[in-house]
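A short worksheet on the structure shown next.
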Amino acid sequence: MKTVTVSLGDRSYPIHIEAGLLPRAAEHLASLSRGRRMAIVTDENVRPHLAVLQASLEAAGVASEAIILPPGEKTKSWAMLSQVCDRLLELGIERSDHVIALGGGVIGDLVGFACSIVKRGCRFVQIPTTLLAQVDSSVGGKTAINTAAGKNLIGAFHQPKVVLIDPSVLDTLPPRELRAGYAEVVKYGLIDDADFFAWCEANGAALLAGDPAAREYAIAHSVAAKARIVGEDEFETTGQRALLNLGHTFGHALEAEAGFSDKLLHGEAVAAGCALAFGYSAAHGLCPAEDAVRVAAHWQAAGLPDGLSAAGIDAPAERLVDHMRHDKKASGGQIPFLLTRGIGQTYLDKQVSLDDVRDYLAIQPR
Ligand SMILES: NC(=O)c1ccc[n+]([C@@H]2O[C@H](COP(=O)([O-])OP(=O)(O)OC[C@H]3O[C@@H](n4cnc5c(N)ncnc54)[C@H](O)[C@@H]3O)[C@@H](O)[C@H]2O)c1
Ligand SMILES: [Zn+2]
């Protein structure tokens with residue numbers, strides 16, 4: 001088993017990663033149950049894994065209660081938040097109880113937020129079941145729901161007490177979801193780890209085909225990168241944590257254009273967004289053109305979109321830039337942009353002109 005620690009003083013927590021961890025989850029959870037029933041929140045698609053988790057707890061003498069929500073991004077809503085909170089209160093959750101979030105980023109974000117406000121904050125455990133959640137959303141304590149005004153605009157920082165990652169649960173994940181999560185894996189290489197990007201080039205295909213060793217290595221490496229960044233900048237104040245948003249400003253505009261629908265998954269938008277960030281940087285002489293080519297080639301090899309056309313976006317540049325103006329990171333007509341000097345050399349530029357971005361997007365193939 002690999003263990004990575006998120007170092008945040010008295011809020012530090014371990015992330016355990018091992019194939020076959022879910023059936024043995026009670027080894028890590030029984031001591032947290034305090035002899036009481038544990039609440040598990042999950043979604044309908046995760047039922048097979050819920051059964052494994054509950055069996056593990058039962059064998060350890062821990063009773064559990066499942067709250068099963070509909071799958072999908074719409075579940076990150078006020079309505080579901082109030083439903084989960086009401087149910088947790090009915091179950092008599094105390095501040096020192098641990099609620100288990102078993103699912104993808106939707107469940108993790110919703111349950112984490114619910115746990116930040118129930119009784120002014122109860123504890124929770126993340127058991128992520130998508131690749132995206134295993135390498136990104138389950139670590140770092142950002143929790144949120146979506147509202148009419150946009151995605152993730154209501155939320156809180158609330159760190160889990162432990163994260164249990166079993167890469168084997170990815171066997172049931174639809175391949176398209178796996179690929180979308182893989183985009184966030186590669187992102188860590190693009191940010192500040194050229195060697196890891198090269199590892200992805202060499203091993204990405206094996207990972208996507210389900211190779212257990214490749215999967216475990218990539219997850220542990222990604223989680224360690226995220227843990228380090230979160231440990232340095234938990235609340236995104238120094239700019240370090242903002243590096244994790246590489247490809248996300250472009251990507252967010254594409255997601256908004258696709259109506260945050262299944263037409264374009266978040267990870268797919270991030271892949272296209274990273275390609276655009278590299279393309280923009282290369283077009284402005286900031287990064288070698290061959291690095292932008294390498295990134296696009298890797299997305300193609302991985303079956304991920306490498307730009308607007310592959311992402312199925314044919315909107316005029318002005319409309320895409322309009323979406324950026326509504327990005328929650330926008331202020332005073334400017335958005336901090338993640339640009340790059342090359343693979344593994346991402347930096348934050350607060351002076352990027354949206355007019356330049358529009359001109360660049362206007363000449364991208366549709
Ligand atoms: N908090 C953060 O730091 C952070 C970071 C990145 C993304 N996010 C959020 O994460 C969300 C996206 O997460 P996601 O991609 O995991 O989406 P998701 O939770 O919707 O899961 C994707 C799909 O896979 C299904 N699923 C989950 N596990 C499965 C399994 N093992 N087998 C079969 N099906 C399974 C789900 O039911 C869903 O249909 C977004 O809301 C995004 O805003 C949060
Ligand atoms: Zn993301």
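Residue numbering restarts at 1 for every chain of the structure tokens, chains are lettered A, B, ... in their displayed order, and ligands are numbered from 1 as they appear.
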
All residues having an atom within 8 Å of ligand 1 (only C-alpha atoms and all ligand atoms) as a VMD selection string: chain A and resid 43 to 46 49 70 to 73 76 103 to 109 128 to 133 136 to 145 151 to 152 169 to 174 177 180 to 181 265 to 267

Polymer residues at most 7 Å from Pro316 in chain A, only C-alpha atoms, same-chain spacing of 3 or more positions, as a PyMOL selection string: chain A and resi 319-320+362

Neighbour list for Leu254 in chain A as JSON, numbers by chain, cut-off 12 Å, only C-alpha atoms, skip fewer than 2 positions in-chain: {"A": [247, 248, 249, 250, 251, 252, 256, 257, 258, 259, 260, 261, 263, 264, 265, 266, 267, 268, 269, 270, 271, 272, 273, 274, 276, 305, 307, 308, 309, 310, 311, 312, 313, 314, 315, 316, 317, 319, 320, 321, 322, 323, 324, 327, 361]}

Atomic separation - CA of Thr5 in chain A relative to CA of Ile93 in chain A, Å: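 Straight-line distance from CA of Ile93 in chain A to CA of Thr5 in chain A works out to 26.7 Å.
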
Point-to-point distance in Å for CA of Leu110 in chain A and CA of Leu91 in chain A: 17.7 Å

Between CA of Ile229 in chain A and CA of Leu207 in chain A - distance in Å to one decimal: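 According to the coordinates, CA of Leu207 in chain A and CA of Ile229 in chain A are separated by 24.0 Å.
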
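If you measure from each of A:Glu232, A:Glu18, A:Glu65, A:Glu58 to Val41 in chain A using only C-alpha atoms, the closest one turns out to be A:Glu65.
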
As a PDB file with N, CA, C and O atoms, in the first residue's frame, please: the residues near Ala55 in chain A (cut-off 9 Å, only C-alpha atoms, same-chain neighbours under 5 positions excluded).
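The result, stored in out_31.pdb:
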```pdb
ATOM      1  N   PRO A  23     -12.481  -3.743  -0.364  1.00  0.00           N
ATOM      2  CA  PRO A  23     -12.997  -4.859   0.445  1.00  0.00           C
ATOM      3  C   PRO A  23     -12.386  -4.901   1.851  1.00  0.00           C
ATOM      4  O   PRO A  23     -12.913  -5.581   2.717  1.00  0.00           O
ATOM      5  N   LEU A  50     -20.683  -0.060  -3.347  1.00  0.00           N
ATOM      6  CA  LEU A  50     -21.327   0.158  -2.050  1.00  0.00           C
ATOM      7  C   LEU A  50     -21.508  -1.182  -1.334  1.00  0.00           C
ATOM      8  O   LEU A  50     -21.244  -1.303  -0.127  1.00  0.00           O
ATOM      9  N   ALA A  60     -16.732  -6.308  10.090  1.00  0.00           N
ATOM     10  CA  ALA A  60     -15.990  -5.740  11.221  1.00  0.00           C
ATOM     11  C   ALA A  60     -16.932  -5.315  12.342  1.00  0.00           C
ATOM     12  O   ALA A  60     -16.521  -4.642  13.291  1.00  0.00           O
TER      13      ALA A  60
END
```

All alpha helix (DSSP H) positions in range 232-321 of chain A, as a PyMOL selection string: chain A and resi 232+248-257+266-283+289-302+317-321

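Shortest atom-to-atom contact with ligand 2 among A:Asp262, A:Glu184, A:Asp355, A:Asp291: A:Glu184, counting only C-alpha atoms and all ligand atoms.
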
Contact residues around range 293-300 of chain A with only C-alpha atoms at 9 Å, ignoring same-chain residues under 4 positions, as a PyMOL selection string: chain A and resi 183+190+200-201+204+271-272+274-275+278-279+289+304-307+343

Pick from A:Asp359, A:Glu255, A:Glu216, A:Asp97, whichever lies nearest to ligand 2 using only C-alpha atoms and all ligand atoms: A:Glu255

Write out as JSON lines a residue-level contact list of range 89-123 of chain A versus range 28-34 of chain A with cut-off 10 Å: for each qualifying residue the closest pair of atoms and the distance in Å to one decimal, counting only C-alpha atoms, rows sorted by chain and residue number upward.
```
{"residue": "A:Ser96", "atom": "CA", "partner": "A:Leu32", "partner_atom": "CA", "distance": 8.9}
{"residue": "A:Asp97", "atom": "CA", "partner": "A:Ser33", "partner_atom": "CA", "distance": 6.9}
{"residue": "A:His98", "atom": "CA", "partner": "A:Leu32", "partner_atom": "CA", "distance": 6.6}
{"residue": "A:Val99", "atom": "CA", "partner": "A:Ser33", "partner_atom": "CA", "distance": 9.3}
{"residue": "A:Ile100", "atom": "CA", "partner": "A:Leu29", "partner_atom": "CA", "distance": 9.3}
{"residue": "A:Arg123", "atom": "CA", "partner": "A:Leu32", "partner_atom": "CA", "distance": 9.7}
```

Counting only C-alpha atoms, the residue of A:Phe235, A:Tyr217, A:Phe157, A:Phe337 that sits nearest Cys115 in chain A: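 Selected residue with least distance to Cys115 in chain A: A:Phe157.
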
Best match for closeness to ligand 2 among A:Leu246, A:Leu102, A:Leu21, A:Ile154, counting only C-alpha atoms and all ligand atoms: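 Comparing A:Leu246, A:Leu102, A:Leu21, A:Ile154 against ligand 2, the winner is A:Leu246.
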
For Leu53 in chain A, the nearest of the candidates A:Ile68, A:Leu8, A:Ala194, A:Ile127, counting only C-alpha atoms: A:Ile127

Selection: 8 Å around Ala63 in chain A, only C-alpha atoms, excl. self and same-chain fewer than 5 positions, as a VMD selection string: chain A and resid 36 to 38 54 57 to 58

Check range 29-169 of chain A with DSSP on the backbone and list each residue it calls strand (DSSP E or B), as a compact mmCIF listing (two decimals) with C-alpha atoms, in the first residue's frame.
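What follows is the written file states30.txt:
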```txt
# COMPACT_ATOMS: atom_id res chain seq x y z
CA MET A 38 -21.83 4.96 9.66
CA ALA A 39 -23.58 6.94 6.94
CA ILE A 40 -22.39 6.31 3.37
CA VAL A 41 -23.47 8.65 0.59
CA THR A 42 -23.14 7.38 -2.97
CA ASP A 43 -24.87 7.36 -6.35
CA SER A 64 -23.99 1.35 8.01
CA GLU A 65 -26.77 3.32 6.37
CA ALA A 66 -26.59 4.18 2.66
CA ILE A 67 -27.96 7.35 1.10
CA ILE A 68 -28.13 6.67 -2.64
CA LEU A 69 -28.49 9.69 -4.93
CA HIS A 98 -17.40 10.35 10.00
CA VAL A 99 -19.64 10.36 6.94
CA ILE A 100 -18.36 8.36 3.96
CA ALA A 101 -18.46 9.86 0.46
CA LEU A 102 -18.30 6.92 -1.96
CA GLY A 103 -18.35 8.02 -5.60
CA ARG A 123 -16.00 14.69 9.74
CA PHE A 124 -15.90 12.82 6.48
CA VAL A 125 -13.97 10.21 4.54
CA GLN A 126 -13.44 10.22 0.79
CA ILE A 127 -13.57 6.93 -1.10
CA PRO A 128 -13.29 8.17 -4.70
CA LYS A 142 -12.58 21.99 -1.97
CA THR A 143 -16.28 21.20 -1.74
CA ALA A 144 -19.18 22.80 -3.59
CA ILE A 145 -22.53 22.66 -5.28
CA ASN A 146 -23.72 24.34 -8.48
CA THR A 147 -26.36 27.06 -8.64
CA GLY A 150 -22.72 28.76 -12.26
CA LYS A 151 -20.68 25.76 -11.20
CA ASN A 152 -19.04 25.44 -7.78
CA LEU A 153 -20.05 28.95 -6.68
CA ILE A 154 -21.38 27.84 -3.30
CA GLY A 155 -19.06 25.78 -1.19
CA ALA A 156 -16.45 25.56 1.53
CA PHE A 157 -12.96 24.34 2.25
CA VAL A 162 -8.77 10.10 5.37
CA VAL A 163 -8.92 9.21 1.66
CA LEU A 164 -9.09 5.55 0.60
CA ILE A 165 -8.25 4.89 -3.05
```
